[in-house]
Amino acid sequence: NAGVMQNPRHLVRRRGQEARLRCSPMKGHSHVYWYRQLPEEGLKFMVYLQKENIIDESGMPKERFSAEFPKEGPSILRIQQVVRGDSAAYFCASSAGVVENEQFFGPGTRLTVL
Amino acid sequence: DAKTTQPNSMESNEEEPVHLPCNHSTISGTDYIHWYRQLPSQGPEYVIHGLTSNVNNRMASLAIAEDRKSSTLILHRATLRDAAVYYCILRVNYGGSQGNLIFGKGTKLSVKP
């Protein structure tokens, strides 16, 4: 059973460009979470999705950021008009349920904005 | 989620046991205690979780105080590969949709050969 997959692993964008980060959850998992880790800081929750639904986006910046988890295909975290402050590691996790079920994390996408 | 307090860093010698403490004085009766760790340049990794009773798995043991206001993650024989940041997290049991993890600063464990 393959683990959580994220691509690309490294992404370089210039200010103003768009960044699209992909996450394929573990087989059988319908819950996906996105977290962001700024340099030298802890992980911060961004958004929680189930298939085709956003359950909790309380950690997502109100502008420029969006996420989706379509019926078919990976979950996408999209950042429009990137700024230098968006440079961070973005981790995706998946789980089979909530609360007691562990979350399985991917290797992350390291975004660098020039 | 309720807040947890951990030491910023700890050191251990290889092959010795390590006890990583966590205080969670505002824990409520249905909060689960989860531990994750993050190795350098990797995503977090689940270690163990519990509710009231002590728990053991192949990676570690979790000792939970009787009043549940604190817990201790025990690595029985530290190896160099255990060097990581260890996070103690409380997960609220709403029985509903709230499922995200709230990470604090964690404890950075260094293991000396």
# chains A, B, ... in the order shown; residues from 1 in each chain; ligands from 1

$ residues_around --residues "stretch 102-106 of chain A" --least-positions-apart "5" --cutoff "8 Å" --atoms "only C-alpha atoms" --output "list in words"
Gly3, Val4, Met5, Gln6, Cys23, Met26, Phe91, Cys92, Ala93, Ser94 and Ser95 of chain A; Gly43, Pro44, Glu45 and Tyr46 of chain B

$ residues_around --residues "B:Ser41" --least-positions-apart "4" --cutoff "10 Å" --atoms "only C-alpha atoms" --output "ChimeraX atom specification"
/A:89,107-108,110

$ select_by_dssp --residues "chain B" --states "strand (DSSP E)" --output "MDAnalysis selection string"
chainID B and resid 9:13 18:23 32:38 45:50 55:56 61:64 70:75 84:91 107:112

$ residues_around --residues "stretch 73-90 of chain B" --least-positions-apart "3" --cutoff "8 Å" --atoms "only C-alpha atoms" --output "PyMOL selection string"
chain B and resi 1-4+6+12-22+27+31-40+59-63+101-113

$ residues_around --residues "A:Tyr48" --least-positions-apart "3" --cutoff "9 Å" --atoms "only C-alpha atoms" --output "mmCIF file with all heavy atoms, in the first residue's frame"
data_model
loop_
_atom_site.group_PDB
_atom_site.id
_atom_site.type_symbol
_atom_site.label_atom_id
_atom_site.label_comp_id
_atom_site.auth_asym_id
_atom_site.auth_seq_id
_atom_site.Cartn_x
_atom_site.Cartn_y
_atom_site.Cartn_z
ATOM 1 N N HIS A 31 -10.209 11.256 3.844
ATOM 2 C CA HIS A 31 -9.991 12.499 4.589
ATOM 3 C C HIS A 31 -8.597 13.017 4.272
ATOM 4 O O HIS A 31 -7.618 12.276 4.403
ATOM 5 C CB HIS A 31 -10.105 12.264 6.096
ATOM 6 C CG HIS A 31 -11.429 11.711 6.534
ATOM 7 N ND1 HIS A 31 -12.363 12.477 7.188
ATOM 8 C CD2 HIS A 31 -11.956 10.486 6.411
ATOM 9 C CE1 HIS A 31 -13.427 11.728 7.448
ATOM 10 N NE2 HIS A 31 -13.209 10.521 6.986
ATOM 11 N N VAL A 32 -8.531 14.266 3.866
ATOM 12 C CA VAL A 32 -7.250 14.881 3.507
ATOM 13 C C VAL A 32 -7.082 16.182 4.280
ATOM 14 O O VAL A 32 -8.033 16.958 4.423
ATOM 15 C CB VAL A 32 -7.175 15.142 1.988
ATOM 16 C CG1 VAL A 32 -6.015 16.072 1.657
ATOM 17 C CG2 VAL A 32 -7.001 13.824 1.228
ATOM 18 N N TYR A 33 -5.874 16.408 4.759
ATOM 19 C CA TYR A 33 -5.541 17.616 5.517
ATOM 20 C C TYR A 33 -4.296 18.249 4.896
ATOM 21 O O TYR A 33 -3.382 17.542 4.505
ATOM 22 C CB TYR A 33 -5.227 17.270 6.986
ATOM 23 C CG TYR A 33 -6.214 16.329 7.641
ATOM 24 C CD1 TYR A 33 -6.140 14.953 7.415
ATOM 25 C CD2 TYR A 33 -7.205 16.810 8.486
ATOM 26 C CE1 TYR A 33 -7.039 14.082 8.013
ATOM 27 C CE2 TYR A 33 -8.107 15.939 9.091
ATOM 28 C CZ TYR A 33 -8.015 14.582 8.843
ATOM 29 O OH TYR A 33 -8.916 13.721 9.434
ATOM 30 N N TRP A 34 -4.286 19.561 4.858
ATOM 31 C CA TRP A 34 -3.098 20.291 4.427
ATOM 32 C C TRP A 34 -2.562 21.100 5.601
ATOM 33 O O TRP A 34 -3.327 21.746 6.331
ATOM 34 C CB TRP A 34 -3.423 21.229 3.263
ATOM 35 C CG TRP A 34 -3.627 20.544 1.954
ATOM 36 C CD1 TRP A 34 -4.801 20.107 1.422
ATOM 37 C CD2 TRP A 34 -2.622 20.237 0.968
ATOM 38 N NE1 TRP A 34 -4.596 19.539 0.183
ATOM 39 C CE2 TRP A 34 -3.264 19.614 -0.113
ATOM 40 C CE3 TRP A 34 -1.235 20.442 0.911
ATOM 41 C CZ2 TRP A 34 -2.572 19.183 -1.251
ATOM 42 C CZ3 TRP A 34 -0.552 20.017 -0.215
ATOM 43 C CH2 TRP A 34 -1.215 19.392 -1.278
ATOM 44 N N PHE A 45 -2.143 23.927 10.736
ATOM 45 C CA PHE A 45 -3.256 23.393 9.959
ATOM 46 C C PHE A 45 -3.783 24.440 8.992
ATOM 47 O O PHE A 45 -3.898 25.623 9.324
ATOM 48 C CB PHE A 45 -4.368 22.951 10.906
ATOM 49 C CG PHE A 45 -5.698 22.716 10.246
ATOM 50 C CD1 PHE A 45 -5.910 21.588 9.470
ATOM 51 C CD2 PHE A 45 -6.724 23.623 10.401
ATOM 52 C CE1 PHE A 45 -7.137 21.365 8.863
ATOM 53 C CE2 PHE A 45 -7.954 23.419 9.804
ATOM 54 C CZ PHE A 45 -8.164 22.279 9.030
ATOM 55 N N ASN A 53 -15.751 17.863 -0.742
ATOM 56 C CA ASN A 53 -16.236 18.811 0.261
ATOM 57 C C ASN A 53 -15.098 19.392 1.089
ATOM 58 O O ASN A 53 -14.178 18.683 1.474
ATOM 59 C CB ASN A 53 -17.216 18.122 1.222
ATOM 60 C CG ASN A 53 -18.505 17.737 0.536
ATOM 61 O OD1 ASN A 53 -19.173 18.568 -0.070
ATOM 62 N ND2 ASN A 53 -18.855 16.472 0.629
ATOM 63 N N ILE A 54 -15.192 20.676 1.367
ATOM 64 C CA ILE A 54 -14.299 21.315 2.329
ATOM 65 C C ILE A 54 -14.991 21.272 3.682
ATOM 66 O O ILE A 54 -16.086 21.809 3.845
ATOM 67 C CB ILE A 54 -13.985 22.761 1.928
ATOM 68 C CG1 ILE A 54 -13.195 22.777 0.614
ATOM 69 C CG2 ILE A 54 -13.196 23.461 3.043
ATOM 70 C CD1 ILE A 54 -12.941 24.180 0.086
ATOM 71 N N ILE A 55 -14.373 20.605 4.644
ATOM 72 C CA ILE A 55 -14.985 20.452 5.962
ATOM 73 C C ILE A 55 -14.576 21.598 6.882
ATOM 74 O O ILE A 55 -15.391 22.127 7.632
ATOM 75 C CB ILE A 55 -14.589 19.110 6.591
ATOM 76 C CG1 ILE A 55 -14.935 17.946 5.651
ATOM 77 C CG2 ILE A 55 -15.259 18.942 7.945
ATOM 78 C CD1 ILE A 55 -16.400 17.872 5.274
ATOM 79 N N ASP A 56 -13.310 21.978 6.852
ATOM 80 C CA ASP A 56 -12.809 23.016 7.743
ATOM 81 C C ASP A 56 -11.676 23.739 7.031
ATOM 82 O O ASP A 56 -10.672 23.124 6.711
ATOM 83 C CB ASP A 56 -12.325 22.380 9.051
ATOM 84 C CG ASP A 56 -11.795 23.386 10.057
ATOM 85 O OD1 ASP A 56 -11.732 24.599 9.752
ATOM 86 O OD2 ASP A 56 -11.421 22.964 11.174
ATOM 87 N N GLU A 57 -11.850 25.007 6.769
ATOM 88 C CA GLU A 57 -10.781 25.802 6.136
ATOM 89 C C GLU A 57 -10.366 26.949 7.037
ATOM 90 O O GLU A 57 -9.894 27.983 6.572
ATOM 91 C CB GLU A 57 -11.212 26.300 4.759
ATOM 92 C CG GLU A 57 -12.477 27.111 4.754
ATOM 93 C CD GLU A 57 -12.888 27.540 3.353
ATOM 94 O OE1 GLU A 57 -12.069 27.445 2.413
ATOM 95 O OE2 GLU A 57 -14.042 27.975 3.183
ATOM 96 N N SER A 58 -10.512 26.755 8.328
ATOM 97 C CA SER A 58 -10.254 27.825 9.281
ATOM 98 C C SER A 58 -8.794 28.264 9.318
ATOM 99 O O SER A 58 -8.486 29.361 9.746
ATOM 100 C CB SER A 58 -10.694 27.402 10.684
ATOM 101 O OG SER A 58 -10.009 26.241 11.092
ATOM 102 N N GLN B 98 -14.422 17.473 13.105
ATOM 103 C CA GLN B 98 -13.175 18.134 13.430
ATOM 104 C C GLN B 98 -12.066 17.122 13.527
ATOM 105 O O GLN B 98 -12.082 16.259 14.391
ATOM 106 C CB GLN B 98 -13.305 18.891 14.763
ATOM 107 C CG GLN B 98 -12.113 19.735 15.107
ATOM 108 C CD GLN B 98 -11.987 20.957 14.202
ATOM 109 O OE1 GLN B 98 -12.906 21.335 13.512
ATOM 110 N NE2 GLN B 98 -10.827 21.566 14.192
ATOM 111 N N GLY B 99 -11.078 17.182 12.648
ATOM 112 C CA GLY B 99 -10.064 16.150 12.646
ATOM 113 C C GLY B 99 -8.648 16.628 12.536
ATOM 114 O O GLY B 99 -7.739 15.819 12.545
ATOM 115 N N ASN B 100 -8.415 17.965 12.426
ATOM 116 C CA ASN B 100 -7.046 18.400 12.211
ATOM 117 C C ASN B 100 -6.218 18.286 13.484
ATOM 118 O O ASN B 100 -6.746 18.216 14.588
ATOM 119 C CB ASN B 100 -7.005 19.845 11.724
ATOM 120 C CG ASN B 100 -7.649 20.808 12.691
ATOM 121 O OD1 ASN B 100 -8.868 20.832 12.811
ATOM 122 N ND2 ASN B 100 -6.849 21.579 13.408
#

$ closest_residue --among "A:Lys62, A:Arg14, A:Arg78, A:Arg36" --to "chain B" --atoms "only C-alpha atoms"
A:Arg36

$ closest_residue --among "A:Arg64, A:Lys71, A:Arg15, A:Arg9" --to "chain B" --atoms "only C-alpha atoms"
A:Arg9

$ atom_distance --atom1 "atom CA of A:Gln81" --atom2 "atom CA of A:Gln17"
4.9 Å

$ closest_residue --among "A:Leu38, A:Ala19, A:Leu43, A:Ile76" --to "chain B" --atoms "only C-alpha atoms"
A:Leu43

$ closest_residue --among "A:Ser87, A:Ser75, A:Asn7, A:Asn101" --to "B:Gly50" --atoms "only C-alpha atoms"
A:Asn101

$ closest_residue --among "A:Gln80, A:His29, A:Asp86, A:Leu111" --to "A:Ala2" --atoms "only C-alpha atoms"
A:His29
